[in-house]
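Visitor: entry-v3.cif (mmCIF, C-alpha atoms) pasted underneath:
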data_model
loop_
_atom_site.label_atom_id
_atom_site.label_comp_id
_atom_site.auth_asym_id
_atom_site.auth_seq_id
_atom_site.Cartn_x
_atom_site.Cartn_y
_atom_site.Cartn_z
CA MET P 130 75.92 96.80 110.62
CA ALA P 131 77.95 97.57 107.49
CA ASP P 132 78.59 94.77 105.02
CA PHE P 133 81.97 93.15 104.88
CA ALA P 134 84.51 94.65 102.53
CA PRO P 135 88.24 94.06 102.36
CA ASP P 136 90.28 96.99 103.62
CA PRO P 137 91.16 99.21 100.64
CA ALA P 138 94.83 98.72 101.55
CA PHE P 139 94.62 95.21 100.09
CA GLU P 140 93.80 96.64 96.66
CA ALA P 141 97.27 98.09 96.28
CA GLY P 142 99.20 94.83 96.33
CA SER P 143 96.77 91.99 95.71
CA LYS P 144 93.91 90.83 93.47
CA ALA P 145 90.56 89.32 94.45
CA ALA P 146 90.60 85.64 93.50
CA GLY P 147 87.33 84.25 94.88
CA GLU P 148 85.64 83.01 98.02
CA LEU P 149 85.85 80.12 100.45
CA ALA P 150 83.12 79.35 103.00
CA LEU P 151 84.57 81.78 105.54
CA CYS P 152 87.16 83.85 103.73
CA HIS P 153 87.59 86.23 100.87
CA VAL P 154 90.69 85.02 99.00
CA ARG P 155 93.26 87.25 97.31
CA LEU P 156 96.36 86.60 95.22
CA GLN P 157 99.32 88.70 96.33
CA ASP P 158 100.56 90.40 93.17
CA ASP P 159 104.20 89.56 93.74
CA ALA P 160 105.87 87.20 91.31
CA ARG P 161 108.69 86.54 93.79
CA TYR P 162 106.47 84.26 95.89
CA PRO P 163 103.31 82.19 95.36
CA TRP P 164 101.19 83.94 98.00
CA VAL P 165 97.53 83.85 98.99
CA ILE P 166 95.72 86.07 101.53
CA LEU P 167 92.62 84.95 103.45
CA ILE P 168 90.26 87.55 104.92
CA PRO P 169 87.29 86.25 106.95
CA ARG P 170 84.16 87.94 105.61
CA GLN P 171 82.96 89.42 108.92
CA VAL P 172 82.96 93.02 110.03
CA GLY P 173 85.20 94.28 112.80
CA LEU P 174 87.62 91.37 113.22
CA VAL P 175 91.15 92.12 114.38
CA GLU P 176 92.45 89.13 116.35
CA LEU P 177 91.80 85.39 115.86
CA SER P 178 89.95 85.49 119.18
CA ASP P 179 87.35 87.77 117.56
CA LEU P 180 86.13 84.78 115.52
CA LYS P 181 83.79 82.20 117.02
CA VAL P 182 85.34 78.82 117.78
CA ALA P 183 83.66 77.08 114.83
CA ASP P 184 84.87 79.80 112.47
CA ARG P 185 88.38 79.50 113.86
CA ALA P 186 88.36 75.80 112.98
CA ARG P 187 87.07 76.71 109.53
CA LEU P 188 89.82 79.28 109.13
CA MET P 189 92.41 76.66 109.99
CA GLU P 190 91.03 74.40 107.26
CA GLU P 191 91.01 77.29 104.79
CA ILE P 192 94.66 77.97 105.67
CA VAL P 193 95.43 74.38 104.74
CA ALA P 194 93.42 74.77 101.51
CA ALA P 195 95.34 77.95 100.76
CA GLY P 196 98.53 75.92 101.08
CA ASP P 197 97.27 73.73 98.24
CA MET P 198 96.55 76.87 96.21
CA VAL P 199 100.07 78.10 96.84
CA ARG P 200 101.41 74.77 95.56
CA ASP P 201 99.25 75.17 92.43
CA LEU P 202 100.72 78.62 91.91
CA ALA P 203 104.23 77.27 92.39
CA ALA P 204 103.53 74.60 89.77
CA LEU P 205 102.69 77.38 87.30
CA ASP P 206 106.08 78.90 88.13
CA GLY P 207 107.64 75.49 87.43
CA ASP P 208 109.35 75.79 90.80
CA PRO P 209 107.93 73.87 93.78
CA VAL P 210 108.08 75.40 97.24
CA ASP P 211 110.24 74.06 100.05
CA LYS P 212 108.14 75.43 102.93
CA LEU P 213 104.87 77.17 103.58
CA ASN P 214 104.88 80.26 105.77
CA VAL P 215 101.65 81.20 107.52
CA GLY P 216 101.30 84.55 109.23
CA ALA P 217 98.59 86.66 110.83
CA LEU P 218 100.27 89.94 111.68
CA GLY P 219 98.06 92.96 111.04
CA ASN P 220 100.45 95.58 112.37
CA VAL P 221 99.77 97.83 109.38
CA THR P 222 96.35 96.68 108.17
CA THR P 223 94.45 95.57 111.24
CA GLN P 224 91.50 93.84 109.51
CA LEU P 225 92.04 90.15 110.38
CA HIS P 226 93.83 88.38 107.53
CA VAL P 227 96.16 85.44 107.11
CA HIS P 228 99.06 85.20 104.69
CA VAL P 229 99.96 81.82 103.21
CA VAL P 230 103.24 82.11 101.35
CA GLY P 231 105.31 79.56 99.46
CA ARG P 232 109.01 79.80 100.19
CA ARG P 233 112.00 78.41 98.33
CA ARG P 234 115.53 78.08 99.62
CA GLY P 235 117.37 81.03 98.18
CA ASP P 236 114.33 83.22 97.46
CA ASP P 237 114.75 86.97 97.96
CA ALA P 238 113.99 86.91 101.69
CA TRP P 239 115.14 83.37 102.60
CA PRO P 240 115.29 82.33 105.40
CA GLY P 241 113.75 85.52 106.81
CA PRO P 242 110.08 86.45 106.62
CA VAL P 243 108.67 88.00 103.44
CA TRP P 244 106.78 90.81 105.15
CA GLY P 245 108.50 94.11 104.60
CA ALA P 246 111.40 92.48 102.74
CA GLY P 247 112.37 94.09 99.46
CA THR P 248 109.96 95.30 96.79
CA ALA P 249 107.10 93.40 95.21
CA ARG P 250 107.49 92.43 91.55
CA ALA P 251 104.02 92.48 89.94
CA TYR P 252 103.01 89.65 87.62
CA ASP P 253 102.72 90.54 83.95
CA PRO P 254 99.05 90.60 82.85
CA GLN P 255 99.12 87.17 81.20
CA ALA P 256 100.80 85.50 84.18
CA LEU P 257 98.35 87.18 86.53
CA ALA P 258 95.31 86.01 84.53
CA LEU P 259 96.68 82.47 84.42
CA ARG P 260 97.15 82.42 88.19
CA LEU P 261 93.71 83.85 88.96
CA SER P 262 92.25 81.24 86.64
CA ALA P 263 94.12 78.45 88.44
CA LEU P 264 92.90 79.70 91.83
CA SER P 265 89.31 79.93 90.60
CA ALA P 266 89.24 76.16 90.20
CA ARG P 267 89.33 75.83 94.02
CA LEU P 268 87.09 78.83 94.83
CA ALA P 269 83.58 80.14 94.51
CA PRO P 270 83.34 83.19 92.23
CA ARG P 271 84.39 86.39 93.88
CA ALA P 272 81.69 88.36 95.59
CA ALA P 273 80.46 91.44 93.75
CA MET I 125 108.84 55.57 116.49
CA ALA I 126 110.95 57.95 118.55
CA ASP I 127 109.27 59.98 121.26
CA PHE I 128 108.52 63.61 120.68
CA ALA I 129 111.21 66.07 121.66
CA PRO I 130 111.52 69.74 120.78
CA ASP I 131 114.27 70.42 118.24
CA PRO I 132 117.46 71.29 120.17
CA ALA I 133 117.50 74.60 118.25
CA PHE I 134 114.69 75.82 120.53
CA GLU I 135 116.94 75.46 123.58
CA ALA I 136 119.14 78.33 122.48
CA GLY I 137 116.53 81.06 122.60
CA SER I 138 113.58 79.84 124.64
CA LYS I 139 112.63 78.08 127.88
CA ALA I 140 110.19 75.21 128.42
CA ALA I 141 107.11 76.58 130.17
CA GLY I 142 104.67 73.68 130.29
CA GLU I 143 102.16 71.71 128.27
CA LEU I 144 98.76 72.17 126.68
CA ALA I 145 96.65 69.27 125.39
CA LEU I 146 98.39 69.27 122.02
CA CYS I 147 101.44 71.48 122.34
CA HIS I 148 104.65 71.85 124.25
CA VAL I 149 104.79 75.52 125.26
CA ARG I 150 107.94 77.63 125.44
CA LEU I 151 108.69 81.18 126.52
CA GLN I 152 110.91 83.02 124.05
CA ASP I 153 113.77 84.41 126.13
CA ASP I 154 113.60 87.89 124.64
CA ALA I 155 112.55 90.73 126.91
CA ARG I 156 111.76 92.92 123.90
CA TYR I 157 108.50 91.05 123.24
CA PRO I 158 106.08 88.89 125.23
CA TRP I 159 106.40 85.77 123.09
CA VAL I 160 105.21 82.18 123.35
CA ILE I 161 106.04 79.24 121.08
CA LEU I 162 103.72 76.25 120.60
CA ILE I 163 105.14 72.94 119.36
CA PRO I 164 102.66 70.10 118.77
CA ARG I 165 103.96 67.02 120.58
CA GLN I 166 103.99 64.68 117.59
CA VAL I 167 106.96 63.34 115.70
CA GLY I 168 107.72 64.33 112.13
CA LEU I 169 105.42 67.34 111.69
CA VAL I 170 106.52 70.09 109.31
CA GLU I 171 103.41 71.70 107.81
CA LEU I 172 99.99 72.34 109.38
CA SER I 173 98.61 69.80 106.90
CA ASP I 174 100.66 67.11 108.65
CA LEU I 175 98.30 67.38 111.64
CA LYS I 176 94.93 65.64 111.65
CA VAL I 177 91.91 67.91 111.28
CA ALA I 178 90.88 67.60 114.93
CA ASP I 179 94.40 68.45 116.05
CA ARG I 180 94.45 71.44 113.74
CA ALA I 181 91.32 72.77 115.43
CA ARG I 182 92.97 72.12 118.78
CA LEU I 183 96.08 73.97 117.65
CA MET I 184 93.94 76.96 116.68
CA GLU I 185 92.43 77.04 120.17
CA GLU I 186 95.87 76.72 121.73
CA ILE I 187 97.02 79.68 119.60
CA VAL I 188 94.17 81.71 121.08
CA ALA I 189 95.12 80.52 124.58
CA ALA I 190 98.73 81.51 123.88
CA GLY I 191 97.44 84.99 123.04
CA ASP I 192 96.05 85.17 126.58
CA MET I 193 99.43 84.06 127.93
CA VAL I 194 101.13 86.78 125.92
CA ARG I 195 98.78 89.33 127.47
CA ASP I 196 99.68 87.97 130.91
CA LEU I 197 103.35 88.42 130.10
CA ALA I 198 102.70 91.94 128.85
CA ALA I 199 100.94 92.74 132.13
CA LEU I 200 104.11 91.73 133.98
CA ASP I 201 105.98 94.20 131.77
CA GLY I 202 103.38 96.83 132.73
CA ASP I 203 102.95 97.48 129.02
CA PRO I 204 99.93 96.04 127.23
CA VAL I 205 100.25 94.87 123.63
CA ASP I 206 98.59 96.58 120.69
CA LYS I 207 98.47 93.54 118.40
CA LEU I 208 99.16 89.85 118.43
CA ASN I 209 101.31 88.40 115.68
CA VAL I 210 100.93 84.71 114.88
CA GLY I 211 103.39 82.96 112.60
CA ALA I 212 104.24 79.45 111.49
CA LEU I 213 107.36 79.79 109.38
CA GLY I 214 109.86 77.00 109.93
CA ASN I 215 112.38 78.10 107.32
CA VAL I 216 115.25 77.53 109.74
CA THR I 217 113.85 74.99 112.23
CA THR I 218 111.43 72.84 110.28
CA GLN I 219 109.73 71.08 113.22
CA LEU I 220 106.19 72.46 113.17
CA HIS I 221 105.85 75.33 115.62
CA VAL I 222 103.78 78.47 115.98
CA HIS I 223 104.96 81.81 117.33
CA VAL I 224 102.49 84.01 119.21
CA VAL I 225 104.07 87.40 119.79
CA GLY I 226 102.76 90.53 121.47
CA ARG I 227 103.56 93.70 119.57
CA ARG I 228 103.53 97.32 120.66
CA ARG I 229 103.57 100.36 118.43
CA GLY I 230 107.15 101.53 118.43
CA ASP I 231 108.72 98.25 119.53
CA ASP I 232 112.12 97.38 118.04
CA ALA I 233 110.72 95.81 114.88
CA TRP I 234 107.42 97.69 114.55
CA PRO I 235 105.60 97.46 112.17
CA GLY I 236 107.74 94.75 110.59
CA PRO I 237 107.88 91.13 111.72
CA VAL I 238 110.01 90.12 114.71
CA TRP I 239 111.65 87.11 113.08
CA GLY I 240 115.26 87.85 112.22
CA ALA I 241 114.97 91.46 113.39
CA GLY I 242 117.71 92.68 115.71
CA THR I 243 119.17 90.73 118.61
CA ALA I 244 117.29 89.05 121.44
CA ARG I 245 117.65 90.56 124.90
CA ALA I 246 117.47 87.75 127.46
CA TYR I 247 115.38 88.24 130.62
CA ASP I 248 117.32 88.59 133.84
CA PRO I 249 116.93 85.45 136.02
CA GLN I 250 114.32 86.94 138.33
CA ALA I 251 112.17 88.28 135.46
CA LEU I 252 112.46 84.96 133.70
CA ALA I 253 111.36 83.00 136.78
CA LEU I 254 108.42 85.34 137.30
CA ARG I 255 107.26 84.86 133.71
CA LEU I 256 107.60 81.09 133.77
CA SER I 257 105.62 81.09 137.00
CA ALA I 258 102.87 83.20 135.41
CA LEU I 259 102.68 80.89 132.40
CA SER I 260 102.51 77.82 134.63
CA ALA I 261 99.12 79.00 135.92
CA ARG I 262 97.65 78.24 132.48
CA LEU I 263 99.65 75.10 131.73
CA ALA I 264 100.19 71.55 132.82
CA PRO I 265 103.67 70.95 134.25
CA ARG I 266 106.34 70.54 131.63
CA ALA I 267 107.01 67.04 130.45
CA ALA I 268 110.19 65.44 131.76
#
With the file now loaded, output its structure as structure tokens.
Guide:
Amino acid sequence: MADFAPDPAFEAGSKAAGELALCHVRLQDDARYPWVILIPRQVGLVELSDLKVADRARLMEEIVAAGDMVRDLAALDGDPVDKLNVGALGNVTTQLHVHVVGRRRGDDAWPGPVWGAGTARAYDPQALALRLSALSARLAPRAA
Amino acid sequence: MADFAPDPAFEAGSKAAGELALCHVRLQDDARYPWVILIPRQVGLVELSDLKVADRARLMEEIVAAGDMVRDLAALDGDPVDKLNVGALGNVTTQLHVHVVGRRRGDDAWPGPVWGAGTARAYDPQALALRLSALSARLAPRAA
């Protein structure tokens, strides 16, 4: 069986941030929203039902942990979030992944969903480095 | 403390279908998509982190069960789904709830998210009754 690797499609819009017990964690490179992506490090997953029950419970806890990461990111923006949005869609990239996105009243897509709405605004290099550094405090180093 | 009740906003677009151990279950009244909504029956929940850990694990399992319900609904349409979409947004109705939606390539919103996309198409009364009956096979009777 091949080793786990994130779908190359994730490289285009997000940066590897580190690892949790179950998931590879990425920062969405979109300064409009504090936004973390979780990808369980197992091969061939598409739906939540493809995970074992214990791993599903772990994923739920990692979703909650990602919410804390999103709040850390929002603090760096100096702009707390009003609501977390959690979504597992996979219509375009089918490898199982979960988005955890911080939303603010009046943000570009409010109150609609962020997926497919408008155009990402990449972080500048310094802001990106600062955010990856903040996330690393809650994560194991990224896998090679 | 007041008893649990679903936010009245859910009445507009969905129908009570029954109960799981944790969640009140509703059928979204939109014939475009087989679509179930889970609402944990506790007062004052907004984010997943407001649930206790054990209830979060239970919610995850009820999300997976809702995926099976969505596939049952799709079978009644004679049109299996290609992907499940799971979302906990709450930007408009903040009471914690989870959408489990069956998606087909080429459906009205494909590959974008369903939330806020286009206009719901209500089931006709017979189709609605048939779907609520199908869901009831997997659910406890709806609470009074």
Visitor: Pull out every residue that the PyMOL selection byres ((chain I) within 8 of (chain P)) matches in the shown coordinates and put them as a list in words.
Guide: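 For this structure, the PyMOL selection byres ((chain I) within 8 of (chain P)) captures Glu171, Leu172, Ser173, Val177, Arg180, Ala181, Met184, Glu185, Val188, Lys207, Leu208, Asn209, Val210, Gly211, Ala212, Leu213, Gly214, Asn215, Val216, Trp234, Pro235, Gly236, Pro237, Trp239 and Gly240 of chain I.
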Visitor: CA of Glu135 (chain I) to CA of Gly231 (chain P): how many Å, to one decimal?
Guide: 27.1 Å
Visitor: Would you kindly translate the PyMOL selection byres ((chain P and resi 152-161) around 9) into the concrete residues it picks from this file, as an MDAnalysis selection string?
Guide: chainID P and resid 135 139 141:151 162:171 188 191 195 206 226 236:237 248:253 256:257 260:261 264 268 271:272
Visitor: Using CA of Thr222 (chain P) and CA of Phe133 (chain P) as the two end points, give the distance in Å to one decimal.
Guide: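 So the answer is 15.2 Å.
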Visitor: Of the candidates P:Leu225, P:Ala204, P:Val199, P:Ala266, which shows the shortest atom-to-atom distance to Asp136 (chain P), using all atoms listed in the file?
Guide: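 Between P:Leu225, P:Ala204, P:Val199, P:Ala266, the residue approaching Asp136 (chain P) most closely is P:Leu225.
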Visitor: Would you compute an axis-aligned box for region 259-270 of chain P, covering every atom listed for it in the file with 4 Å of margin on each side, and report centre and edge lengths in Å to one decimal as JSON?
Guide:
{"center_x": 90.2, "center_y": 79.8, "center_z": 89.6, "size_x": 21.8, "size_y": 16.0, "size_z": 18.4}
Visitor: Given identical sequences, can you show me chain P least-squares superposed on chain I via all its Cα atoms in order, as a PDB file with C-alpha atoms, keeping the file's coordinate frame?
Guide:
ATOM      1  CA  MET P 130     108.745  55.536 116.483  1.00  0.00           C
ATOM      2  CA  ALA P 131     110.897  57.936 118.513  1.00  0.00           C
ATOM      3  CA  ASP P 132     109.244  59.968 121.250  1.00  0.00           C
ATOM      4  CA  PHE P 133     108.526  63.607 120.689  1.00  0.00           C
ATOM      5  CA  ALA P 134     111.212  66.068 121.664  1.00  0.00           C
ATOM      6  CA  PRO P 135     111.530  69.727 120.769  1.00  0.00           C
ATOM      7  CA  ASP P 136     114.270  70.422 118.250  1.00  0.00           C
ATOM      8  CA  PRO P 137     117.463  71.289 120.158  1.00  0.00           C
ATOM      9  CA  ALA P 138     117.514  74.600 118.269  1.00  0.00           C
ATOM     10  CA  PHE P 139     114.699  75.817 120.526  1.00  0.00           C
ATOM     11  CA  GLU P 140     116.939  75.463 123.582  1.00  0.00           C
ATOM     12  CA  ALA P 141     119.149  78.319 122.467  1.00  0.00           C
ATOM     13  CA  GLY P 142     116.544  81.068 122.595  1.00  0.00           C
ATOM     14  CA  SER P 143     113.597  79.831 124.631  1.00  0.00           C
ATOM     15  CA  LYS P 144     112.626  78.085 127.879  1.00  0.00           C
ATOM     16  CA  ALA P 145     110.194  75.212 128.421  1.00  0.00           C
ATOM     17  CA  ALA P 146     107.113  76.586 130.172  1.00  0.00           C
ATOM     18  CA  GLY P 147     104.681  73.653 130.292  1.00  0.00           C
ATOM     19  CA  GLU P 148     102.166  71.706 128.259  1.00  0.00           C
ATOM     20  CA  LEU P 149      98.768  72.179 126.669  1.00  0.00           C
ATOM     21  CA  ALA P 150      96.650  69.274 125.395  1.00  0.00           C
ATOM     22  CA  LEU P 151      98.392  69.264 122.014  1.00  0.00           C
ATOM     23  CA  CYS P 152     101.441  71.469 122.340  1.00  0.00           C
ATOM     24  CA  HIS P 153     104.645  71.844 124.243  1.00  0.00           C
ATOM     25  CA  VAL P 154     104.799  75.521 125.257  1.00  0.00           C
ATOM     26  CA  ARG P 155     107.953  77.631 125.440  1.00  0.00           C
ATOM     27  CA  LEU P 156     108.694  81.193 126.520  1.00  0.00           C
ATOM     28  CA  GLN P 157     110.916  83.022 124.046  1.00  0.00           C
ATOM     29  CA  ASP P 158     113.765  84.421 126.129  1.00  0.00           C
ATOM     30  CA  ASP P 159     113.595  87.893 124.646  1.00  0.00           C
ATOM     31  CA  ALA P 160     112.559  90.732 126.910  1.00  0.00           C
ATOM     32  CA  ARG P 161     111.766  92.930 123.897  1.00  0.00           C
ATOM     33  CA  TYR P 162     108.510  91.058 123.238  1.00  0.00           C
ATOM     34  CA  PRO P 163     106.087  88.895 125.238  1.00  0.00           C
ATOM     35  CA  TRP P 164     106.396  85.773 123.074  1.00  0.00           C
ATOM     36  CA  VAL P 165     105.204  82.184 123.361  1.00  0.00           C
ATOM     37  CA  ILE P 166     106.046  79.231 121.075  1.00  0.00           C
ATOM     38  CA  LEU P 167     103.727  76.242 120.581  1.00  0.00           C
ATOM     39  CA  ILE P 168     105.143  72.927 119.359  1.00  0.00           C
ATOM     40  CA  PRO P 169     102.651  70.086 118.767  1.00  0.00           C
ATOM     41  CA  ARG P 170     103.962  67.016 120.585  1.00  0.00           C
ATOM     42  CA  GLN P 171     104.007  64.661 117.579  1.00  0.00           C
ATOM     43  CA  VAL P 172     106.971  63.309 115.688  1.00  0.00           C
ATOM     44  CA  GLY P 173     107.731  64.324 112.129  1.00  0.00           C
ATOM     45  CA  LEU P 174     105.437  67.329 111.676  1.00  0.00           C
ATOM     46  CA  VAL P 175     106.521  70.078 109.302  1.00  0.00           C
ATOM     47  CA  GLU P 176     103.414  71.698 107.808  1.00  0.00           C
ATOM     48  CA  LEU P 177      99.981  72.342 109.373  1.00  0.00           C
ATOM     49  CA  SER P 178      98.609  69.800 106.901  1.00  0.00           C
ATOM     50  CA  ASP P 179     100.668  67.110 108.663  1.00  0.00           C
ATOM     51  CA  LEU P 180      98.300  67.379 111.647  1.00  0.00           C
ATOM     52  CA  LYS P 181      94.933  65.633 111.650  1.00  0.00           C
ATOM     53  CA  VAL P 182      91.908  67.894 111.278  1.00  0.00           C
ATOM     54  CA  ALA P 183      90.885  67.584 114.940  1.00  0.00           C
ATOM     55  CA  ASP P 184      94.411  68.454 116.053  1.00  0.00           C
ATOM     56  CA  ARG P 185      94.449  71.445 113.730  1.00  0.00           C
ATOM     57  CA  ALA P 186      91.314  72.753 115.441  1.00  0.00           C
ATOM     58  CA  ARG P 187      92.979  72.126 118.792  1.00  0.00           C
ATOM     59  CA  LEU P 188      96.073  73.987 117.653  1.00  0.00           C
ATOM     60  CA  MET P 189      93.942  76.955 116.673  1.00  0.00           C
ATOM     61  CA  GLU P 190      92.433  77.024 120.164  1.00  0.00           C
ATOM     62  CA  GLU P 191      95.885  76.736 121.730  1.00  0.00           C
ATOM     63  CA  ILE P 192      97.020  79.684 119.591  1.00  0.00           C
ATOM     64  CA  VAL P 193      94.174  81.700 121.068  1.00  0.00           C
ATOM     65  CA  ALA P 194      95.133  80.513 124.574  1.00  0.00           C
ATOM     66  CA  ALA P 195      98.722  81.509 123.874  1.00  0.00           C
ATOM     67  CA  GLY P 196      97.438  84.984 123.053  1.00  0.00           C
ATOM     68  CA  ASP P 197      96.055  85.170 126.589  1.00  0.00           C
ATOM     69  CA  MET P 198      99.445  84.054 127.915  1.00  0.00           C
ATOM     70  CA  VAL P 199     101.139  86.778 125.913  1.00  0.00           C
ATOM     71  CA  ARG P 200      98.768  89.326 127.465  1.00  0.00           C
ATOM     72  CA  ASP P 201      99.672  87.973 130.925  1.00  0.00           C
ATOM     73  CA  LEU P 202     103.339  88.417 130.093  1.00  0.00           C
ATOM     74  CA  ALA P 203     102.700  91.944 128.858  1.00  0.00           C
ATOM     75  CA  ALA P 204     100.925  92.737 132.130  1.00  0.00           C
ATOM     76  CA  LEU P 205     104.098  91.726 133.985  1.00  0.00           C
ATOM     77  CA  ASP P 206     105.968  94.194 131.771  1.00  0.00           C
ATOM     78  CA  GLY P 207     103.385  96.828 132.741  1.00  0.00           C
ATOM     79  CA  ASP P 208     102.952  97.497 129.034  1.00  0.00           C
ATOM     80  CA  PRO P 209      99.920  96.042 127.226  1.00  0.00           C
ATOM     81  CA  VAL P 210     100.255  94.880 123.638  1.00  0.00           C
ATOM     82  CA  ASP P 211      98.587  96.594 120.699  1.00  0.00           C
ATOM     83  CA  LYS P 212      98.473  93.546 118.401  1.00  0.00           C
ATOM     84  CA  LEU P 213      99.162  89.849 118.430  1.00  0.00           C
ATOM     85  CA  ASN P 214     101.313  88.398 115.671  1.00  0.00           C
ATOM     86  CA  VAL P 215     100.920  84.711 114.874  1.00  0.00           C
ATOM     87  CA  GLY P 216     103.386  82.966 112.607  1.00  0.00           C
ATOM     88  CA  ALA P 217     104.233  79.444 111.497  1.00  0.00           C
ATOM     89  CA  LEU P 218     107.349  79.800 109.384  1.00  0.00           C
ATOM     90  CA  GLY P 219     109.861  77.009 109.944  1.00  0.00           C
ATOM     91  CA  ASN P 220     112.369  78.103 107.325  1.00  0.00           C
ATOM     92  CA  VAL P 221     115.254  77.524 109.734  1.00  0.00           C
ATOM     93  CA  THR P 222     113.841  75.010 112.216  1.00  0.00           C
ATOM     94  CA  THR P 223     111.423  72.846 110.283  1.00  0.00           C
ATOM     95  CA  GLN P 224     109.743  71.065 113.231  1.00  0.00           C
ATOM     96  CA  LEU P 225     106.178  72.462 113.158  1.00  0.00           C
ATOM     97  CA  HIS P 226     105.846  75.337 115.625  1.00  0.00           C
ATOM     98  CA  VAL P 227     103.773  78.472 115.978  1.00  0.00           C
ATOM     99  CA  HIS P 228     104.955  81.806 117.324  1.00  0.00           C
ATOM    100  CA  VAL P 229     102.506  84.012 119.212  1.00  0.00           C
ATOM    101  CA  VAL P 230     104.079  87.401 119.794  1.00  0.00           C
ATOM    102  CA  GLY P 231     102.781  90.536 121.482  1.00  0.00           C
ATOM    103  CA  ARG P 232     103.569  93.699 119.571  1.00  0.00           C
ATOM    104  CA  ARG P 233     103.530  97.326 120.654  1.00  0.00           C
ATOM    105  CA  ARG P 234     103.577 100.368 118.423  1.00  0.00           C
ATOM    106  CA  GLY P 235     107.157 101.527 118.436  1.00  0.00           C
ATOM    107  CA  ASP P 236     108.750  98.240 119.537  1.00  0.00           C
ATOM    108  CA  ASP P 237     112.139  97.378 118.034  1.00  0.00           C
ATOM    109  CA  ALA P 238     110.724  95.790 114.876  1.00  0.00           C
ATOM    110  CA  TRP P 239     107.417  97.694 114.534  1.00  0.00           C
ATOM    111  CA  PRO P 240     105.594  97.466 112.175  1.00  0.00           C
ATOM    112  CA  GLY P 241     107.751  94.744 110.602  1.00  0.00           C
ATOM    113  CA  PRO P 242     107.875  91.126 111.725  1.00  0.00           C
ATOM    114  CA  VAL P 243     110.017  90.131 114.712  1.00  0.00           C
ATOM    115  CA  TRP P 244     111.652  87.127 113.069  1.00  0.00           C
ATOM    116  CA  GLY P 245     115.244  87.855 112.220  1.00  0.00           C
ATOM    117  CA  ALA P 246     114.964  91.471 113.391  1.00  0.00           C
ATOM    118  CA  GLY P 247     117.710  92.677 115.693  1.00  0.00           C
ATOM    119  CA  THR P 248     119.159  90.739 118.615  1.00  0.00           C
ATOM    120  CA  ALA P 249     117.294  89.056 121.439  1.00  0.00           C
ATOM    121  CA  ARG P 250     117.656  90.595 124.902  1.00  0.00           C
ATOM    122  CA  ALA P 251     117.466  87.770 127.474  1.00  0.00           C
ATOM    123  CA  TYR P 252     115.381  88.253 130.610  1.00  0.00           C
ATOM    124  CA  ASP P 253     117.314  88.608 133.847  1.00  0.00           C
ATOM    125  CA  PRO P 254     116.928  85.472 136.014  1.00  0.00           C
ATOM    126  CA  GLN P 255     114.308  86.969 138.336  1.00  0.00           C
ATOM    127  CA  ALA P 256     112.177  88.297 135.475  1.00  0.00           C
ATOM    128  CA  LEU P 257     112.443  84.962 133.699  1.00  0.00           C
ATOM    129  CA  ALA P 258     111.347  82.996 136.788  1.00  0.00           C
ATOM    130  CA  LEU P 259     108.414  85.351 137.310  1.00  0.00           C
ATOM    131  CA  ARG P 260     107.262  84.884 133.719  1.00  0.00           C
ATOM    132  CA  LEU P 261     107.589  81.095 133.768  1.00  0.00           C
ATOM    133  CA  SER P 262     105.609  81.096 136.994  1.00  0.00           C
ATOM    134  CA  ALA P 263     102.865  83.223 135.425  1.00  0.00           C
ATOM    135  CA  LEU P 264     102.668  80.899 132.407  1.00  0.00           C
ATOM    136  CA  SER P 265     102.497  77.817 134.627  1.00  0.00           C
ATOM    137  CA  ALA P 266      99.133  78.984 135.931  1.00  0.00           C
ATOM    138  CA  ARG P 267      97.624  78.239 132.485  1.00  0.00           C
ATOM    139  CA  LEU P 268      99.647  75.074 131.731  1.00  0.00           C
ATOM    140  CA  ALA P 269     100.198  71.521 132.830  1.00  0.00           C
ATOM    141  CA  PRO P 270     103.689  70.935 134.254  1.00  0.00           C
ATOM    142  CA  ARG P 271     106.339  70.541 131.630  1.00  0.00           C
ATOM    143  CA  ALA P 272     107.024  67.043 130.449  1.00  0.00           C
ATOM    144  CA  ALA P 273     110.187  65.429 131.780  1.00  0.00           C
TER     145      ALA P 273
END
Visitor: Measure the distance from CA of Gly235 (chain P) to CA of Gly247 (chain P) in Å and round it to one decimal.
Guide: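 That distance, rounded to one decimal, is 14.0 Å.
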